[in-house]
Amino acid sequence: MTPAAPSFQAPLPADAKAGAPTPNGQPKPSGSPLVRLRGLTKTYQTGDVVVRALRGIDLDVPTGQLLAIMGASGSGKSTLMNIMGCLDVPTSGQYWLNGQAVGKLSRDELAGLRNRELGFVFQGYNLLPGTSAYDNVELPLLYAGRMATPERQQRVRAALAAVGLAGREAALPHQLSGGQQQRVAIARALINDPVLILADEPTGNLDTRTSVEVMAILQRLNAERGITVVLVTHEKDIAGFADRTIVFRDGRIVTDAPVPDKQIATEVLAHLPPVEP
Amino acid sequence: MRLLDLLKITARSLRKNKLRSFLTTLGVIIGVGAVIAMLAIGNGTRQSIQEQISSLGTNVITVTPDAFAQGGVRQEAGSIATLTQADADALAGASPAVRYVSPAVRATVQALAAGRNWRTNVFGAYPAYFNIRVLALQAGTRYTERDERVAAKVCVVGATVARALFGTTDVVGQHLRLGRIPFLIIGVLAERGQSSTGQDQDDLILAPFATVQKRILAGTFIRQIFLSAQSEARIPEAAASVSAMLRERHRLAPGVANDFTVRTQADIGATATTTSRSLTVLLASVASISLLVGGIGIMNIMLVSVTERTREIGIRLAIGARSRDVLRQFLFEAVVLSIAGGLLGIGLGLGLAQLAGRALNLTTTVSFPSVALAFLFSSVVGVFFGWYPARKAARLNPIDALHYE
Ligand SMILES: Nc1ncnc2c1ncn2[C@@H]1O[C@H](COP(=O)(O)OP(=O)(O)OP(=O)(O)O)[C@@H](O)[C@H]1O
Ligand SMILES: [Mg+2]
């Protein structure tokens, strides 16, 4: 846990478009990076076919960074995300999360990490079907352990409010638009106050405006709460909202550069044509 | 995870698949229902047999002749029956434990009256027979020792005979003929209805032993000796002395088998109880098999459900569910399903027992232990058959589960 991370209890404005990132919310680069990868490889073998999805990744992600990963299809981006998210294990190499060697952890300890330190946002939302927005967001709290019901309710409501979905608690996933579903997924990802949010093509299924709205939420979480965000995208525009971009090709990082003129999603949103009713 | 939260998650996912949940439990519902109904029918049968036996009378001992002694030892030519009236009369003094004694004979006769006739059985026995079998009268009186001595042509009829001949049970003082012999009806037996084997217990005529033996059968052998003991506790004592005296009277050397059989009510009861118990066991095991099939049904559907919900499991694992959380969730679903099935099955069982009781003319009693047993069994079925699918779900790899198509 990063003690420096602002408490979740500080409520955010309900409207995602309202809050601009505050400059002093930007965390200072600290000594040891939140994510440290060394010589990471991943090889898939299906029958005779061997796919070397990752061929030696060295990467440091400092706490508080908003990192975008780009690259052609099949270049290994999702593979890396899954390993960083402790959903999959590398074939070789080292992974330290918050100074902890992940490779040494048991299955249950990894589950604990995913529950408390990590948040996932997937391209396909991955909400439980037929389960209300409230129940979806509440789920990580149930797995986290004991918490008094009133506190839990308050946290779930606050998380939904933070992504602009106050009042839609009872909605089922199929009753929500793609953007709204993705926002529920973000609320679920941040309910346990994670240090790292991993978003694999979070805007892949969304139109431009909704994509920018989602990015605004991620930027705000990053800026106001110091949550480190790693996101995969195919779109240059989306990568433009990050602090830094790395590009993958054939399982290797070929480019690693800071974003020269980082876009602020709320500002971009203001200049987009308004939605047709 | 707290139990309450687990319950919430379980309820949510069962509610999402109402039809499937219901179909899953159906096997258990039928299984538990069958077990309970079958046990009730078995118990009902046993009870009715017991009633039957006690309707024989209280503390009854019967002696029947064995036509041929084992090993062909007996020599007396033409002696098919081995019991005589003299045996019966002697048994009255066999032991102070013996209270009443009566020989009994039976003849199948054509009864005639008022131009109607009716085929029935006439029993010849001493007046004491009424005491031994605890036979009550709805009208008139029983015959007396004097009637017995003089072989009086009097009789007591069952209600069925009375109705068949006269169309009424108000027949005291009427006459009927058995063959050519006219009898005066002096009493009508209280109605006893059907026996559990479906016999009409009111279709008979009782007359003094001497009358039936001399006037109708014209023989000397007797069919059976009825005795009653002073009390239930003294039945074994009475039976033993009866046996000893008959062996002596029949001059059976030590080691030679009895040429008669002494049965006490307890013996008859024991045989009947064993029979009805094995019936109950048979019924219950057939029903248990259906419960087992129900359990396999749960396992089958839970396995399908695990496969179908692999992605859901992946999502749960991704947001931090541990193996045991997933295991518990699926195990809990199976247990909740089978317990729900158990409860509904108890309802079904009660209904079936009622129906069967009406159809089979039994008083089916659903005992608490049988309900408890069925319920316990159904939850065990849930744990047992839910375990494997649940473990399968819990062992899934997060990323594989998440990418499952
Ligand atoms: N479970 C698997 N089994 C076998 N091969 C796999 C598996 N998962 C990924 N791969 C292979 O590994 C390579 C990298 O895949 P990955 O999903 O990381 O690509 P990606 O960069 O995310 O692509 P995209 O932009 O299309 O999402 C691909 O060639 C893919 O076919
Ligand atoms: Mg991918």
# chains A, B, ... in the order shown; residues from 1 in each chain; ligands from 1

call {"tool": "residues_near_ligand", "arguments": {"ligand": "ligand 1", "cutoff": "6 Å", "atoms": "only C-alpha atoms and all ligand atoms", "output": "PDB file with N, CA and C atoms, in the first residue's frame"}}
result
ATOM      1  N   TYR A  44       4.042 -18.910 -25.407  1.00  0.00           N
ATOM      2  CA  TYR A  44       2.872 -19.797 -25.483  1.00  0.00           C
ATOM      3  C   TYR A  44       3.201 -20.944 -26.404  1.00  0.00           C
ATOM      4  N   VAL A  51       4.657 -19.470 -29.656  1.00  0.00           N
ATOM      5  CA  VAL A  51       4.528 -18.022 -29.826  1.00  0.00           C
ATOM      6  C   VAL A  51       5.273 -17.338 -28.694  1.00  0.00           C
ATOM      7  N   ALA A  53       5.357 -14.344 -27.043  1.00  0.00           N
ATOM      8  CA  ALA A  53       4.537 -13.139 -26.921  1.00  0.00           C
ATOM      9  C   ALA A  53       5.323 -11.991 -26.297  1.00  0.00           C
ATOM     10  N   ALA A  72       1.230  -2.827 -32.486  1.00  0.00           N
ATOM     11  CA  ALA A  72       0.382  -3.556 -33.412  1.00  0.00           C
ATOM     12  C   ALA A  72      -0.333  -4.692 -32.699  1.00  0.00           C
ATOM     13  N   SER A  73      -1.363  -5.158 -33.348  1.00  0.00           N
ATOM     14  CA  SER A  73      -2.105  -6.289 -32.798  1.00  0.00           C
ATOM     15  C   SER A  73      -1.186  -7.508 -32.709  1.00  0.00           C
ATOM     16  N   GLY A  74      -1.253  -8.191 -31.586  1.00  0.00           N
ATOM     17  CA  GLY A  74      -0.429  -9.389 -31.415  1.00  0.00           C
ATOM     18  C   GLY A  74       0.977  -9.095 -30.954  1.00  0.00           C
ATOM     19  N   SER A  75       1.266  -7.851 -30.608  1.00  0.00           N
ATOM     20  CA  SER A  75       2.637  -7.513 -30.237  1.00  0.00           C
ATOM     21  C   SER A  75       2.925  -7.828 -28.766  1.00  0.00           C
ATOM     22  N   GLY A  76       1.898  -8.223 -27.992  1.00  0.00           N
ATOM     23  CA  GLY A  76       2.158  -8.664 -26.623  1.00  0.00           C
ATOM     24  C   GLY A  76       1.675  -7.727 -25.540  1.00  0.00           C
ATOM     25  N   LYS A  77       0.906  -6.732 -25.914  1.00  0.00           N
ATOM     26  CA  LYS A  77       0.451  -5.735 -24.932  1.00  0.00           C
ATOM     27  C   LYS A  77      -0.434  -6.374 -23.855  1.00  0.00           C
ATOM     28  N   SER A  78      -1.444  -7.120 -24.319  1.00  0.00           N
ATOM     29  CA  SER A  78      -2.364  -7.728 -23.344  1.00  0.00           C
ATOM     30  C   SER A  78      -1.643  -8.749 -22.487  1.00  0.00           C
ATOM     31  N   THR A  79      -0.708  -9.464 -23.102  1.00  0.00           N
ATOM     32  CA  THR A  79       0.071 -10.443 -22.344  1.00  0.00           C
ATOM     33  C   THR A  79       0.772  -9.754 -21.178  1.00  0.00           C
TER      34      THR A  79
END

call {"tool": "interface_residues", "arguments": {"of": "chain A", "to": "chain B", "cutoff": "7 Å", "atoms": "only C-alpha atoms", "output": "JSON, numbers by chain"}}
result
{"A": [87, 88, 108, 111, 112, 114, 115, 126, 128, 130, 140, 142, 143, 145, 146]}

call {"tool": "write_last_selection", "arguments": {"atoms": "N, CA, C and O atoms", "output": "short mmCIF file (atom, residue, chain, number, x, y, z; two decimals), in the first residue's frame"}}
result
data_model
loop_
_atom_site.label_atom_id
_atom_site.label_comp_id
_atom_site.auth_asym_id
_atom_site.auth_seq_id
_atom_site.Cartn_x
_atom_site.Cartn_y
_atom_site.Cartn_z
N LEU A 87 -2.75 -11.89 -13.22
CA LEU A 87 -3.71 -12.86 -13.71
C LEU A 87 -2.98 -14.02 -14.39
O LEU A 87 -3.51 -15.09 -14.58
N ASP A 88 -1.74 -13.75 -14.79
CA ASP A 88 -0.96 -14.73 -15.53
C ASP A 88 0.47 -14.66 -15.00
O ASP A 88 0.84 -13.68 -14.34
N ASP A 108 -3.38 -17.51 -3.27
CA ASP A 108 -4.27 -16.67 -2.46
C ASP A 108 -3.69 -15.27 -2.25
O ASP A 108 -4.42 -14.29 -2.21
N ALA A 111 -4.42 -13.37 -5.22
CA ALA A 111 -5.82 -12.95 -5.20
C ALA A 111 -5.98 -11.71 -4.32
O ALA A 111 -6.69 -10.76 -4.67
N GLY A 112 -5.28 -11.71 -3.20
CA GLY A 112 -5.32 -10.56 -2.30
C GLY A 112 -4.77 -9.31 -2.97
O GLY A 112 -5.34 -8.22 -2.85
N ARG A 114 -4.69 -8.70 -6.24
CA ARG A 114 -5.66 -8.27 -7.25
C ARG A 114 -6.82 -7.55 -6.60
O ARG A 114 -7.37 -6.59 -7.12
N ASN A 115 -7.18 -8.03 -5.41
CA ASN A 115 -8.34 -7.46 -4.73
C ASN A 115 -8.06 -6.06 -4.18
O ASN A 115 -8.87 -5.16 -4.33
N ASN A 126 -16.44 -6.65 -18.87
CA ASN A 126 -16.40 -7.77 -17.91
C ASN A 126 -17.19 -7.51 -16.64
O ASN A 126 -16.72 -7.79 -15.54
N LEU A 128 -20.44 -8.60 -14.33
CA LEU A 128 -21.25 -9.81 -14.18
C LEU A 128 -22.63 -9.53 -14.79
O LEU A 128 -23.29 -8.58 -14.39
N GLY A 130 -26.55 -9.61 -15.61
CA GLY A 130 -27.73 -9.79 -14.77
C GLY A 130 -27.51 -9.34 -13.34
O GLY A 130 -28.28 -9.68 -12.44
N PRO A 140 -15.82 -6.57 -5.09
CA PRO A 140 -14.45 -6.62 -4.53
C PRO A 140 -14.44 -6.39 -3.02
O PRO A 140 -13.62 -6.96 -2.30
N LEU A 142 -16.75 -7.41 -0.97
CA LEU A 142 -17.18 -8.67 -0.34
C LEU A 142 -15.99 -9.62 -0.22
O LEU A 142 -15.82 -10.30 0.79
N TYR A 143 -15.17 -9.64 -1.27
CA TYR A 143 -14.02 -10.54 -1.23
C TYR A 143 -12.92 -10.00 -0.33
O TYR A 143 -12.04 -10.73 0.10
N GLY A 145 -13.24 -8.80 2.65
CA GLY A 145 -13.41 -9.21 4.03
C GLY A 145 -14.39 -8.33 4.76
O GLY A 145 -15.21 -7.66 4.15
N ARG A 146 -14.25 -8.34 6.07
CA ARG A 146 -15.25 -7.70 6.92
C ARG A 146 -15.30 -6.19 6.70
O ARG A 146 -14.30 -5.50 6.64
#

call {"tool": "residues_around", "arguments": {"residues": "Val335 (chain B)", "least_positions_apart": "5", "cutoff": "7 Å", "atoms": "only C-alpha atoms", "output": "VMD selection string"}}
result
chain B and resid 379 382 to 383

call {"tool": "closest_residue", "arguments": {"among": "A:Arg107, A:His234, A:Arg188, A:His174", "to": "ligand 2", "atoms": "only C-alpha atoms and all ligand atoms"}}
result
A:His234

call {"tool": "closest_residue", "arguments": {"among": "A:Asp193, A:Asp58, A:Glu201, A:Glu138", "to": "ligand 2", "atoms": "only C-alpha atoms and all ligand atoms"}}
result
A:Glu201

call {"tool": "residues_around", "arguments": {"residues": "region 231-233 of chain B", "least_positions_apart": "6", "cutoff": "9 Å", "atoms": "only C-alpha atoms", "output": "MDAnalysis selection string"}}
result
chainID B and resid 58:60 97:99

call {"tool": "residues_around", "arguments": {"residues": "Pro33 (chain A)", "least_positions_apart": "3", "cutoff": "9 Å", "atoms": "only C-alpha atoms", "output": "ChimeraX atom specification"}}
result
/A:29-30,36,60-63,96-99

call {"tool": "write_last_selection", "arguments": {"atoms": "N, CA and C atoms", "output": "PDB file, in the first residue's frame"}}
result
ATOM      1  N   PRO A  29       7.914  12.008  -8.414  1.00  0.00           N
ATOM      2  CA  PRO A  29       8.550  10.717  -8.680  1.00  0.00           C
ATOM      3  C   PRO A  29       9.313  10.258  -7.432  1.00  0.00           C
ATOM      4  N   SER A  30       9.058   9.045  -6.990  1.00  0.00           N
ATOM      5  CA  SER A  30       9.697   8.569  -5.769  1.00  0.00           C
ATOM      6  C   SER A  30      10.866   7.651  -6.125  1.00  0.00           C
ATOM      7  N   ARG A  36       8.213  -2.766 -11.399  1.00  0.00           N
ATOM      8  CA  ARG A  36       9.542  -2.989 -11.964  1.00  0.00           C
ATOM      9  C   ARG A  36       9.576  -4.355 -12.624  1.00  0.00           C
ATOM     10  N   ASP A  60      10.116   0.157 -15.901  1.00  0.00           N
ATOM     11  CA  ASP A  60       9.810   0.730 -14.590  1.00  0.00           C
ATOM     12  C   ASP A  60       8.643   1.683 -14.753  1.00  0.00           C
ATOM     13  N   VAL A  61       7.667   1.559 -13.908  1.00  0.00           N
ATOM     14  CA  VAL A  61       6.568   2.530 -13.910  1.00  0.00           C
ATOM     15  C   VAL A  61       6.555   3.196 -12.543  1.00  0.00           C
ATOM     16  N   PRO A  62       6.909   4.473 -12.467  1.00  0.00           N
ATOM     17  CA  PRO A  62       6.900   5.140 -11.171  1.00  0.00           C
ATOM     18  C   PRO A  62       5.473   5.353 -10.667  1.00  0.00           C
ATOM     19  N   THR A  63       5.386   5.448  -9.362  1.00  0.00           N
ATOM     20  CA  THR A  63       4.080   5.704  -8.747  1.00  0.00           C
ATOM     21  C   THR A  63       3.502   7.006  -9.282  1.00  0.00           C
ATOM     22  N   TRP A  96       8.394  -6.942  -9.768  1.00  0.00           N
ATOM     23  CA  TRP A  96       8.198  -6.396  -8.416  1.00  0.00           C
ATOM     24  C   TRP A  96       7.046  -5.413  -8.461  1.00  0.00           C
ATOM     25  N   LEU A  97       6.118  -5.612  -7.594  1.00  0.00           N
ATOM     26  CA  LEU A  97       5.032  -4.638  -7.468  1.00  0.00           C
ATOM     27  C   LEU A  97       5.177  -4.007  -6.096  1.00  0.00           C
ATOM     28  N   ASN A  98       5.410  -2.683  -6.106  1.00  0.00           N
ATOM     29  CA  ASN A  98       5.562  -1.992  -4.830  1.00  0.00           C
ATOM     30  C   ASN A  98       6.703  -2.593  -4.018  1.00  0.00           C
ATOM     31  N   GLY A  99       7.761  -3.022  -4.697  1.00  0.00           N
ATOM     32  CA  GLY A  99       8.920  -3.581  -4.022  1.00  0.00           C
ATOM     33  C   GLY A  99       8.783  -5.045  -3.634  1.00  0.00           C
TER      34      GLY A  99
END

call {"tool": "closest_residue", "arguments": {"among": "B:Gly140, B:Ala94, B:His403, B:Thr169", "to": "ligand 2", "atoms": "only C-alpha atoms and all ligand atoms"}}
result
B:His403

call {"tool": "closest_residue", "arguments": {"among": "A:Arg116, A:Ala148, A:Arg55, A:Leu231", "to": "ligand 2", "atoms": "only C-alpha atoms and all ligand atoms"}}
result
A:Leu231

call {"tool": "closest_residue", "arguments": {"among": "B:Leu327, B:Ala139, B:Met299, B:Leu373", "to": "Gly386 (chain B)", "atoms": "only C-alpha atoms"}}
result
B:Met299

call {"tool": "residues_around", "arguments": {"residues": "Gln265 (chain B)", "least_positions_apart": "3", "cutoff": "10 Å", "atoms": "only C-alpha atoms", "output": "VMD selection string"}}
result
chain B and resid 53 to 54 56 to 62 228 232 235 268 to 271

call {"tool": "closest_residue", "arguments": {"among": "B:Val63, B:Ile29, B:Ile222, B:Leu362", "to": "Phe209 (chain B)", "atoms": "only C-alpha atoms"}}
result
B:Ile222
